[in-house]
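Participant: Provided below: coords15.pdb, containing PDB, C-alpha atoms, pLDDT in the B column.
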ATOM      1  CA  MET A1324     126.775 105.053 127.563  1.00 49.00           C
ATOM      2  CA  SER A1325     128.205 103.521 130.682  1.00 49.00           C
ATOM      3  CA  THR A1326     131.549 103.762 132.315  1.00 50.00           C
ATOM      4  CA  GLU A1327     133.564 100.611 131.621  1.00 59.00           C
ATOM      5  CA  THR A1328     134.554  98.632 134.680  1.00 60.00           C
ATOM      6  CA  MET A1329     136.417  95.330 134.811  1.00 70.00           C
ATOM      7  CA  THR A1330     134.501  92.706 136.760  1.00 69.00           C
ATOM      8  CA  ALA A1331     136.254  89.788 138.435  1.00 76.00           C
ATOM      9  CA  VAL A1332     134.816  86.829 136.527  1.00 84.00           C
ATOM     10  CA  ASN A1333     136.851  83.780 135.623  1.00 89.00           C
ATOM     11  CA  ILE A1334     136.564  83.372 131.833  1.00 93.00           C
ATOM     12  CA  ASP A1335     138.993  81.409 129.696  1.00 93.00           C
ATOM     13  CA  VAL A1336     139.307  82.163 125.993  1.00 95.00           C
ATOM     14  CA  THR A1337     141.542  79.712 124.179  1.00 95.00           C
ATOM     15  CA  GLU A1338     144.153  81.018 121.753  1.00 95.00           C
ATOM     16  CA  LYS A1339     142.255  79.472 118.851  1.00 95.00           C
ATOM     17  CA  ALA A1340     139.017  81.163 119.858  1.00 95.00           C
ATOM     18  CA  LYS A1341     140.818  84.437 120.426  1.00 95.00           C
ATOM     19  CA  SER A1342     142.384  84.265 116.985  1.00 94.00           C
ATOM     20  CA  LYS A1343     139.023  83.512 115.336  1.00 94.00           C
ATOM     21  CA  LEU A1344     137.307  86.329 117.230  1.00 93.00           C
ATOM     22  CA  LEU A1345     139.925  88.833 116.142  1.00 93.00           C
ATOM     23  CA  GLU A1346     139.472  87.599 112.557  1.00 93.00           C
ATOM     24  CA  LEU A1347     135.788  88.475 112.902  1.00 91.00           C
ATOM     25  CA  GLY A1348     136.732  92.102 113.450  1.00 90.00           C
ATOM     26  CA  LEU A1349     136.936  92.575 117.209  1.00 91.00           C
ATOM     27  CA  ASP A1350     139.004  95.650 117.968  1.00 90.00           C
ATOM     28  CA  ASP A1351     139.034  98.651 120.291  1.00 89.00           C
ATOM     29  CA  GLU A1352     135.449  99.438 119.347  1.00 92.00           C
ATOM     30  CA  ARG A1353     133.897  96.051 118.655  1.00 94.00           C
ATOM     31  CA  PHE A1354     133.638  93.548 121.468  1.00 95.00           C
ATOM     32  CA  LEU A1355     132.101  90.179 122.231  1.00 95.00           C
ATOM     33  CA  ARG A1356     128.894  90.427 124.230  1.00 95.00           C
ATOM     34  CA  LEU A1357     128.107  87.296 126.240  1.00 94.00           C
ATOM     35  CA  GLY A1358     124.876  86.542 127.975  1.00 91.00           C
ATOM     36  CA  VAL A1359     122.229  83.933 128.481  1.00 89.00           C
ATOM     37  CA  ARG A1360     118.664  83.789 127.296  1.00 86.00           C
ATOM     38  CA  PRO A1361     115.777  81.432 127.878  1.00 84.00           C
ATOM     39  CA  GLY A1362     115.829  78.535 125.452  1.00 77.00           C
ATOM     40  CA  GLY A1363     116.713  74.935 124.837  1.00 72.00           C
ATOM     41  CA  CYS A1364     115.545  71.915 126.756  1.00 71.00           C
ATOM     42  CA  ALA A1365     117.498  72.719 129.911  1.00 72.00           C
ATOM     43  CA  GLY A1366     116.113  76.223 130.254  1.00 80.00           C
ATOM     44  CA  MET A1367     118.918  78.547 129.232  1.00 84.00           C
ATOM     45  CA  THR A1368     121.294  78.919 126.346  1.00 85.00           C
ATOM     46  CA  TYR A1369     124.358  81.098 125.882  1.00 88.00           C
ATOM     47  CA  ASP A1370     124.186  84.091 123.621  1.00 88.00           C
ATOM     48  CA  ALA A1371     127.347  85.490 122.033  1.00 91.00           C
ATOM     49  CA  VAL A1372     127.257  88.416 119.641  1.00 93.00           C
ATOM     50  CA  ILE A1373     129.656  90.976 118.251  1.00 94.00           C
ATOM     51  CA  ASP A1374     128.557  94.417 119.374  1.00 94.00           C
ATOM     52  CA  ASP A1375     129.948  97.929 119.541  1.00 94.00           C
ATOM     53  CA  THR A1376     127.556  99.654 121.898  1.00 93.00           C
ATOM     54  CA  MET A1377     128.067  99.653 125.664  1.00 94.00           C
ATOM     55  CA  GLU A1378     124.817  99.939 127.573  1.00 92.00           C
ATOM     56  CA  ASP A1379     124.152 101.052 131.135  1.00 92.00           C
ATOM     57  CA  GLY A1380     125.072  98.232 133.474  1.00 90.00           C
ATOM     58  CA  ASP A1381     127.454  96.570 131.023  1.00 94.00           C
ATOM     59  CA  GLN A1382     130.621  95.197 132.536  1.00 93.00           C
ATOM     60  CA  VAL A1383     133.905  94.145 130.940  1.00 94.00           C
ATOM     61  CA  VAL A1384     134.404  90.569 132.121  1.00 94.00           C
ATOM     62  CA  TYR A1385     137.507  89.687 130.089  1.00 93.00           C
ATOM     63  CA  GLN A1386     140.169  91.666 128.322  1.00 93.00           C
ATOM     64  CA  SER A1387     143.216  90.447 126.433  1.00 92.00           C
ATOM     65  CA  ASP A1388     144.870  92.615 123.800  1.00 89.00           C
ATOM     66  CA  ALA A1389     142.120  93.750 121.425  1.00 90.00           C
ATOM     67  CA  LEU A1390     139.698  91.127 122.660  1.00 94.00           C
ATOM     68  CA  ARG A1391     137.151  92.524 125.071  1.00 95.00           C
ATOM     69  CA  VAL A1392     134.246  90.507 126.470  1.00 95.00           C
ATOM     70  CA  VAL A1393     131.271  92.353 127.894  1.00 95.00           C
ATOM     71  CA  SER A1394     128.145  91.288 129.711  1.00 95.00           C
ATOM     72  CA  ASP A1395     125.318  93.005 131.518  1.00 93.00           C
ATOM     73  CA  GLN A1396     124.937  92.742 135.247  1.00 90.00           C
ATOM     74  CA  ALA A1397     122.089  90.226 135.146  1.00 90.00           C
ATOM     75  CA  ASN A1398     124.069  87.727 133.086  1.00 90.00           C
ATOM     76  CA  VAL A1399     127.495  87.959 134.710  1.00 91.00           C
ATOM     77  CA  VAL A1400     126.543  85.376 137.338  1.00 87.00           C
ATOM     78  CA  TYR A1401     126.240  82.706 134.626  1.00 88.00           C
ATOM     79  CA  LEU A1402     129.652  83.395 133.123  1.00 90.00           C
ATOM     80  CA  ASP A1403     132.003  82.542 135.980  1.00 90.00           C
ATOM     81  CA  GLY A1404     134.091  79.538 134.893  1.00 90.00           C
ATOM     82  CA  LEU A1405     133.086  79.856 131.249  1.00 91.00           C
ATOM     83  CA  LYS A1406     135.470  78.555 128.607  1.00 92.00           C
ATOM     84  CA  VAL A1407     135.269  79.899 125.051  1.00 93.00           C
ATOM     85  CA  ASP A1408     136.852  77.612 122.491  1.00 93.00           C
ATOM     86  CA  PHE A1409     136.750  77.141 118.735  1.00 93.00           C
ATOM     87  CA  SER A1410     136.406  73.779 117.037  1.00 92.00           C
ATOM     88  CA  ASP A1411     137.005  72.800 113.411  1.00 90.00           C
ATOM     89  CA  ASP A1412     135.236  69.506 114.036  1.00 91.00           C
ATOM     90  CA  LEU A1413     131.980  69.348 112.083  1.00 89.00           C
ATOM     91  CA  VAL A1414     130.271  67.431 114.875  1.00 83.00           C
ATOM     92  CA  GLN A1415     130.727  70.404 117.167  1.00 79.00           C
ATOM     93  CA  SER A1416     131.976  73.166 114.944  1.00 81.00           C
ATOM     94  CA  GLY A1417     132.534  76.838 115.524  1.00 88.00           C
ATOM     95  CA  PHE A1418     132.652  78.605 118.848  1.00 90.00           C
ATOM     96  CA  VAL A1419     132.000  76.299 121.777  1.00 88.00           C
ATOM     97  CA  LEU A1420     131.000  77.724 125.134  1.00 88.00           C
ATOM     98  CA  SER A1421     131.306  75.375 128.085  1.00 86.00           C
ATOM     99  CA  ASN A1422     131.096  75.868 131.803  1.00 84.00           C
ATOM    100  CA  PRO A1423     131.757  73.166 134.409  1.00 79.00           C
ATOM    101  CA  ASN A1424     130.060  75.346 137.017  1.00 74.00           C
ATOM    102  CA  VAL A1425     126.611  74.964 135.513  1.00 73.00           C
ATOM    103  CA  LYS A1426     124.931  71.763 136.496  1.00 69.00           C
ATOM    104  CA  LYS A1427     122.457  70.604 133.882  1.00 68.00           C
ATOM    105  CA  SER A1428     122.438  70.324 130.121  1.00 67.00           C
ATOM    106  CA  CYS A1429     120.125  68.929 127.485  1.00 64.00           C
ATOM    107  CA  GLY A1430     120.959  65.839 125.447  1.00 57.00           C
ATOM    108  CA  CYS A1431     122.611  67.741 122.619  1.00 57.00           C
ATOM    109  CA  GLY A1432     124.499  70.036 124.992  1.00 58.00           C
ATOM    110  CA  ALA A1433     123.054  73.177 123.442  1.00 65.00           C
ATOM    111  CA  SER A1434     121.455  74.513 126.592  1.00 76.00           C
ATOM    112  CA  PHE A1435     122.037  74.462 130.299  1.00 77.00           C
ATOM    113  CA  GLY A1436     120.339  75.064 133.589  1.00 76.00           C
ATOM    114  CA  PRO A1437     121.054  75.195 137.306  1.00 64.00           C
ATOM    115  CA  GLY A1438     120.570  71.457 137.825  1.00 53.00           C
ATOM    116  CA  GLU A1439     123.255  68.751 137.739  1.00 45.00           C
ATOM    117  CA  GLY A1440     126.019  67.864 135.241  1.00 41.00           C
ATOM    118  CA  PRO A1441     128.338  69.821 132.936  1.00 43.00           C
ATOM    119  CA  ALA A1442     127.067  71.868 130.042  1.00 48.00           C
ATOM    120  CA  ASN A1443     128.215  73.427 126.829  1.00 54.00           C
ATOM    121  CA  SER A1444     126.575  75.370 124.108  1.00 53.00           C
ATOM    122  CA  GLY A1445     126.939  76.027 120.433  1.00 50.00           C
ATOM    123  CA  GLY A1446     123.507  77.586 120.166  1.00 44.00           C
ATOM    124  CA  GLY A1447     119.956  76.971 121.261  1.00 43.00           C
ATOM    125  CA  CYS A1448     117.773  73.975 120.527  1.00 46.00           C
ATOM    126  CA  GLY A1449     115.602  74.717 117.570  1.00 42.00           C
ATOM    127  CA  SER A1450     112.606  73.226 115.864  1.00 39.00           C
ATOM    128  CA  GLY A1451     114.367  69.894 115.517  1.00 40.00           C
ATOM    129  CA  GLY A1452     112.894  68.906 118.836  1.00 42.00           C
ATOM    130  CA  CYS A1453     115.868  68.688 121.171  1.00 48.00           C
ATOM    131  CA  GLY A1454     115.191  66.774 124.340  1.00 38.00           C
TER     132      GLY A1454
ATOM    133  CA  MET B 509     129.092 103.680 113.274  1.00 53.00           C
ATOM    134  CA  SER B 510     127.030 101.303 115.333  1.00 62.00           C
ATOM    135  CA  VAL B 511     126.633  97.724 114.106  1.00 68.00           C
ATOM    136  CA  ASP B 512     123.771  95.350 114.699  1.00 74.00           C
ATOM    137  CA  PRO B 513     124.876  92.613 117.101  1.00 77.00           C
ATOM    138  CA  VAL B 514     126.035  89.576 115.104  1.00 79.00           C
ATOM    139  CA  SER B 515     125.764  86.100 116.639  1.00 83.00           C
ATOM    140  CA  ILE B 516     128.878  83.927 116.506  1.00 86.00           C
ATOM    141  CA  LEU B 517     127.222  80.700 117.630  1.00 84.00           C
ATOM    142  CA  GLY B 518     126.013  79.486 114.258  1.00 80.00           C
ATOM    143  CA  GLY B 519     122.291  79.785 114.830  1.00 76.00           C
ATOM    144  CA  GLU B 520     119.926  77.429 116.548  1.00 72.00           C
ATOM    145  CA  SER B 521     120.522  73.697 116.781  1.00 71.00           C
ATOM    146  CA  VAL B 522     118.527  71.419 114.505  1.00 77.00           C
ATOM    147  CA  TYR B 523     117.920  67.689 114.262  1.00 77.00           C
ATOM    148  CA  CYS B 524     118.547  66.782 117.875  1.00 73.00           C
ATOM    149  CA  ILE B 525     118.124  63.035 118.400  1.00 80.00           C
ATOM    150  CA  ASN B 526     116.287  61.736 121.445  1.00 83.00           C
ATOM    151  CA  GLN B 527     117.309  58.752 123.571  1.00 87.00           C
ATOM    152  CA  GLY B 528     114.651  56.459 122.112  1.00 93.00           C
ATOM    153  CA  GLN B 529     115.765  57.124 118.551  1.00 92.00           C
ATOM    154  CA  LEU B 530     119.396  56.576 119.480  1.00 92.00           C
ATOM    155  CA  SER B 531     118.574  53.347 121.308  1.00 95.00           C
ATOM    156  CA  ASP B 532     116.653  52.023 118.301  1.00 96.00           C
ATOM    157  CA  ALA B 533     119.500  52.985 115.976  1.00 96.00           C
ATOM    158  CA  MET B 534     122.071  51.197 118.152  1.00 97.00           C
ATOM    159  CA  ARG B 535     119.932  48.066 118.281  1.00 97.00           C
ATOM    160  CA  LEU B 536     119.516  48.045 114.503  1.00 97.00           C
ATOM    161  CA  ALA B 537     123.222  48.664 113.951  1.00 97.00           C
ATOM    162  CA  ASN B 538     124.531  46.215 116.550  1.00 97.00           C
ATOM    163  CA  GLU B 539     121.965  43.496 117.170  1.00 97.00           C
ATOM    164  CA  ASP B 540     119.497  43.117 114.320  1.00 97.00           C
ATOM    165  CA  GLU B 541     120.077  39.884 112.457  1.00 97.00           C
ATOM    166  CA  THR B 542     119.531  41.342 108.998  1.00 97.00           C
ATOM    167  CA  SER B 543     120.538  44.984 109.298  1.00 97.00           C
ATOM    168  CA  SER B 544     123.485  44.827 111.659  1.00 98.00           C
ATOM    169  CA  PRO B 545     125.929  43.082 109.274  1.00 98.00           C
ATOM    170  CA  ARG B 546     125.070  45.470 106.452  1.00 98.00           C
ATOM    171  CA  ILE B 547     125.355  48.567 108.642  1.00 98.00           C
ATOM    172  CA  GLN B 548     128.614  47.376 110.184  1.00 98.00           C
ATOM    173  CA  ALA B 549     130.120  46.624 106.798  1.00 98.00           C
ATOM    174  CA  THR B 550     129.177  50.072 105.539  1.00 98.00           C
ATOM    175  CA  LEU B 551     130.546  51.707 108.689  1.00 98.00           C
ATOM    176  CA  THR B 552     133.838  49.891 108.338  1.00 98.00           C
ATOM    177  CA  ASP B 553     134.109  51.046 104.756  1.00 98.00           C
ATOM    178  CA  LEU B 554     133.218  54.660 105.591  1.00 98.00           C
ATOM    179  CA  GLU B 555     135.604  54.846 108.526  1.00 97.00           C
ATOM    180  CA  LYS B 556     138.350  53.462 106.329  1.00 97.00           C
ATOM    181  CA  ASN B 557     137.829  55.834 103.426  1.00 98.00           C
ATOM    182  CA  LEU B 558     136.458  59.099 104.833  1.00 98.00           C
ATOM    183  CA  THR B 559     137.894  61.613 107.270  1.00 97.00           C
ATOM    184  CA  ARG B 560     136.059  62.468 110.493  1.00 96.00           C
ATOM    185  CA  ASN B 561     134.635  65.672 109.004  1.00 95.00           C
ATOM    186  CA  GLU B 562     133.659  63.864 105.792  1.00 97.00           C
ATOM    187  CA  ARG B 563     131.758  61.276 107.850  1.00 97.00           C
ATOM    188  CA  ALA B 564     130.068  64.081 109.788  1.00 95.00           C
ATOM    189  CA  ALA B 565     129.113  65.806 106.528  1.00 96.00           C
ATOM    190  CA  LEU B 566     127.749  62.525 105.184  1.00 97.00           C
ATOM    191  CA  ALA B 567     125.704  61.981 108.352  1.00 95.00           C
ATOM    192  CA  PHE B 568     124.198  65.472 108.179  1.00 92.00           C
ATOM    193  CA  VAL B 569     123.371  65.073 104.488  1.00 95.00           C
ATOM    194  CA  ILE B 570     121.751  61.693 105.129  1.00 95.00           C
ATOM    195  CA  ILE B 571     119.631  63.139 107.953  1.00 92.00           C
ATOM    196  CA  GLU B 572     118.634  66.079 105.758  1.00 91.00           C
ATOM    197  CA  ARG B 573     117.678  63.750 102.892  1.00 93.00           C
ATOM    198  CA  LEU B 574     115.832  61.337 105.178  1.00 91.00           C
ATOM    199  CA  ARG B 575     113.579  64.153 106.323  1.00 85.00           C
ATOM    200  CA  ASP B 576     112.552  64.779 102.737  1.00 83.00           C
ATOM    201  CA  ALA B 577     112.212  61.145 101.677  1.00 80.00           C
ATOM    202  CA  ASN B 578     109.580  58.531 102.440  1.00 71.00           C
ATOM    203  CA  ASN B 579     111.903  55.558 102.147  1.00 65.00           C
TER     204      ASN B 579
END
So that I can check it, write out the structure of this file as structure tokens.
Facilitator:
Amino acid sequence: MSTETMTAVNIDVTEKAKSKLLELGLDDERFLRLGVRPGGCAGMTYDAVIDDTMEDGDQVVYQSDALRVVSDQANVVYLDGLKVDFSDDLVQSGFVLSNPNVKKSCGCGASFGPGEGPANSGGGCGSGGCG
Amino acid sequence: MSVDPVSILGGESVYCINQGQLSDAMRLANEDETSSPRIQATLTDLEKNLTRNERAALAFVIIERLRDANN
């Protein structure tokens, strides 16, 4: 277990996303863990899971009421400027993570990298052959 | 009690379309002498009668069925 510390990272969670996250059971124990992992055509894709176990090096990067967002130290650098939204639109449904600070994305917007252009993510590119 | 981390992002993306496929589709829909009028007429009808999400659902179902069909 680690000691929780609040890290100064600019993350925006829209009211709609916040409401949906709380519906999924986030509370004082369960939190949203954000990170990135290799994947997609542009090199990296966001990862967002509900978790209840703080690990060594974990940092609280956002807190509002019962909604707590946590990330490990290696991934925090990718989260500054991140916007978490929720869309009912089937074309881009569910939680949508976008960050104007990252500079490259694949054609379907599912992954990003440190190149040029905005990016957003609703998951990683799969076997469908993105990009 | 500890829970296994649960993803909220809906799983991996499928059926991404590349630029060449999209370019061919646009040409068929907008410029082809035979296909363009039929596609445009169908589009007009769909956009008149179906909601945005219904059109998206139809598109996904068509793509899914096309992958399993030969013609």
Participant: Figure out the distance between CA of Ser1394 in chain A and CA of Glu520 in chain B, please, to one decimal in Å.
Facilitator: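 Separation between CA of Glu520 in chain B and CA of Ser1394 in chain A: 20.8 Å.
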Participant: Using 12 Å as the limit and counting all atoms listed in the file, can you tabulate each residue of chain B that touches chain A, with its shortest atom-to-atom distance in Å and the two atoms involved, as JSON lines?
Facilitator:
{"residue": "B:Met509", "atom": "CA", "partner": "A:Asp1375", "partner_atom": "CA", "distance": 8.5}
{"residue": "B:Ser510", "atom": "CA", "partner": "A:Asp1375", "partner_atom": "CA", "distance": 6.1}
{"residue": "B:Val511", "atom": "CA", "partner": "A:Asp1375", "partner_atom": "CA", "distance": 6.4}
{"residue": "B:Asp512", "atom": "CA", "partner": "A:Asp1374", "partner_atom": "CA", "distance": 6.8}
{"residue": "B:Pro513", "atom": "CA", "partner": "A:Asp1374", "partner_atom": "CA", "distance": 4.7}
{"residue": "B:Val514", "atom": "CA", "partner": "A:Val1372", "partner_atom": "CA", "distance": 4.8}
{"residue": "B:Ser515", "atom": "CA", "partner": "A:Val1372", "partner_atom": "CA", "distance": 4.1}
{"residue": "B:Ile516", "atom": "CA", "partner": "A:Val1372", "partner_atom": "CA", "distance": 5.7}
{"residue": "B:Leu517", "atom": "CA", "partner": "A:Gly1445", "partner_atom": "CA", "distance": 5.5}
{"residue": "B:Gly518", "atom": "CA", "partner": "A:Gly1446", "partner_atom": "CA", "distance": 6.7}
{"residue": "B:Gly519", "atom": "CA", "partner": "A:Gly1446", "partner_atom": "CA", "distance": 5.9}
{"residue": "B:Glu520", "atom": "CA", "partner": "A:Gly1447", "partner_atom": "CA", "distance": 4.7}
{"residue": "B:Ser521", "atom": "CA", "partner": "A:Cys1448", "partner_atom": "CA", "distance": 4.7}
{"residue": "B:Val522", "atom": "CA", "partner": "A:Gly1451", "partner_atom": "CA", "distance": 4.5}
{"residue": "B:Tyr523", "atom": "CA", "partner": "A:Gly1451", "partner_atom": "CA", "distance": 4.4}
{"residue": "B:Cys524", "atom": "CA", "partner": "A:Cys1453", "partner_atom": "CA", "distance": 4.7}
{"residue": "B:Ile525", "atom": "CA", "partner": "A:Cys1453", "partner_atom": "CA", "distance": 6.7}
{"residue": "B:Asn526", "atom": "CA", "partner": "A:Gly1454", "partner_atom": "CA", "distance": 5.9}
{"residue": "B:Gln527", "atom": "CA", "partner": "A:Gly1430", "partner_atom": "CA", "distance": 8.2}
{"residue": "B:Gly528", "atom": "CA", "partner": "A:Gly1454", "partner_atom": "CA", "distance": 10.6}
{"residue": "B:Gln529", "atom": "CA", "partner": "A:Gly1454", "partner_atom": "CA", "distance": 11.3}
{"residue": "B:Leu530", "atom": "CA", "partner": "A:Gly1430", "partner_atom": "CA", "distance": 11.1}
{"residue": "B:Thr559", "atom": "CA", "partner": "A:Asp1412", "partner_atom": "CA", "distance": 10.7}
{"residue": "B:Arg560", "atom": "CA", "partner": "A:Asp1412", "partner_atom": "CA", "distance": 7.9}
{"residue": "B:Asn561", "atom": "CA", "partner": "A:Leu1413", "partner_atom": "CA", "distance": 5.5}
{"residue": "B:Glu562", "atom": "CA", "partner": "A:Leu1413", "partner_atom": "CA", "distance": 8.5}
{"residue": "B:Arg563", "atom": "CA", "partner": "A:Leu1413", "partner_atom": "CA", "distance": 9.1}
{"residue": "B:Ala564", "atom": "CA", "partner": "A:Leu1413", "partner_atom": "CA", "distance": 6.1}
{"residue": "B:Ala565", "atom": "CA", "partner": "A:Leu1413", "partner_atom": "CA", "distance": 7.2}
{"residue": "B:Leu566", "atom": "CA", "partner": "A:Leu1413", "partner_atom": "CA", "distance": 10.6}
{"residue": "B:Ala567", "atom": "CA", "partner": "A:Val1414", "partner_atom": "CA", "distance": 9.6}
{"residue": "B:Phe568", "atom": "CA", "partner": "A:Val1414", "partner_atom": "CA", "distance": 9.2}
{"residue": "B:Ile571", "atom": "CA", "partner": "A:Gly1451", "partner_atom": "CA", "distance": 11.4}
{"residue": "B:Glu572", "atom": "CA", "partner": "A:Gly1451", "partner_atom": "CA", "distance": 11.3}
{"residue": "B:Arg575", "atom": "CA", "partner": "A:Gly1451", "partner_atom": "CA", "distance": 10.9}
Participant: Those residues with C-alpha atoms, as a short mmCIF file (atom, residue, chain, number, x, y, z; two decimals), in the frame of the given file please?
Facilitator:
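Output saved as result38.cif:
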data_model
loop_
_atom_site.label_atom_id
_atom_site.label_comp_id
_atom_site.auth_asym_id
_atom_site.auth_seq_id
_atom_site.Cartn_x
_atom_site.Cartn_y
_atom_site.Cartn_z
CA MET B 509 129.09 103.68 113.27
CA SER B 510 127.03 101.30 115.33
CA VAL B 511 126.63 97.72 114.11
CA ASP B 512 123.77 95.35 114.70
CA PRO B 513 124.88 92.61 117.10
CA VAL B 514 126.04 89.58 115.10
CA SER B 515 125.76 86.10 116.64
CA ILE B 516 128.88 83.93 116.51
CA LEU B 517 127.22 80.70 117.63
CA GLY B 518 126.01 79.49 114.26
CA GLY B 519 122.29 79.78 114.83
CA GLU B 520 119.93 77.43 116.55
CA SER B 521 120.52 73.70 116.78
CA VAL B 522 118.53 71.42 114.50
CA TYR B 523 117.92 67.69 114.26
CA CYS B 524 118.55 66.78 117.88
CA ILE B 525 118.12 63.04 118.40
CA ASN B 526 116.29 61.74 121.44
CA GLN B 527 117.31 58.75 123.57
CA GLY B 528 114.65 56.46 122.11
CA GLN B 529 115.76 57.12 118.55
CA LEU B 530 119.40 56.58 119.48
CA THR B 559 137.89 61.61 107.27
CA ARG B 560 136.06 62.47 110.49
CA ASN B 561 134.64 65.67 109.00
CA GLU B 562 133.66 63.86 105.79
CA ARG B 563 131.76 61.28 107.85
CA ALA B 564 130.07 64.08 109.79
CA ALA B 565 129.11 65.81 106.53
CA LEU B 566 127.75 62.52 105.18
CA ALA B 567 125.70 61.98 108.35
CA PHE B 568 124.20 65.47 108.18
CA ILE B 571 119.63 63.14 107.95
CA GLU B 572 118.63 66.08 105.76
CA ARG B 575 113.58 64.15 106.32
#
Participant: So for range 529-546 of chain B, what box centre and size do we get, axis-aligned, 5 Å extra on each of the six sides, every listed atom, Å to one decimal, as JSON?
Facilitator:
{"center_x": 120.8, "center_y": 48.5, "center_z": 113.9, "size_x": 20.2, "size_y": 27.2, "size_z": 24.9}
Participant: Exactly which residues make up the result of the PyMOL selection byres ((chain A and resi 1385-1390) around 6) on this file, given as a PyMOL selection string?
Facilitator: chain A and resi 1350-1351+1383-1384+1391-1392
Participant: Kindly save the residues from that selection, with C-alpha atoms included, as a short mmCIF file (atom, residue, chain, number, x, y, z; two decimals), in the coordinates of the input.
Facilitator:
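Output file result-v2.cif is given in full below:
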data_model
loop_
_atom_site.label_atom_id
_atom_site.label_comp_id
_atom_site.auth_asym_id
_atom_site.auth_seq_id
_atom_site.Cartn_x
_atom_site.Cartn_y
_atom_site.Cartn_z
CA ASP A 1350 139.00 95.65 117.97
CA ASP A 1351 139.03 98.65 120.29
CA VAL A 1383 133.90 94.14 130.94
CA VAL A 1384 134.40 90.57 132.12
CA ARG A 1391 137.15 92.52 125.07
CA VAL A 1392 134.25 90.51 126.47
#
Participant: Which value, in Å to one decimal, gives the distance between CA of Tyr1401 in chain A and CA of Val1332 in chain A?
Facilitator: 9.7 Å
Participant: For CA of Leu551 in chain B and CA of Ile570 in chain B, quote the distance in Å rounded to one decimal.
Facilitator: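 Separation of CA of Leu551 in chain B and CA of Ile570 in chain B: 13.8 Å.
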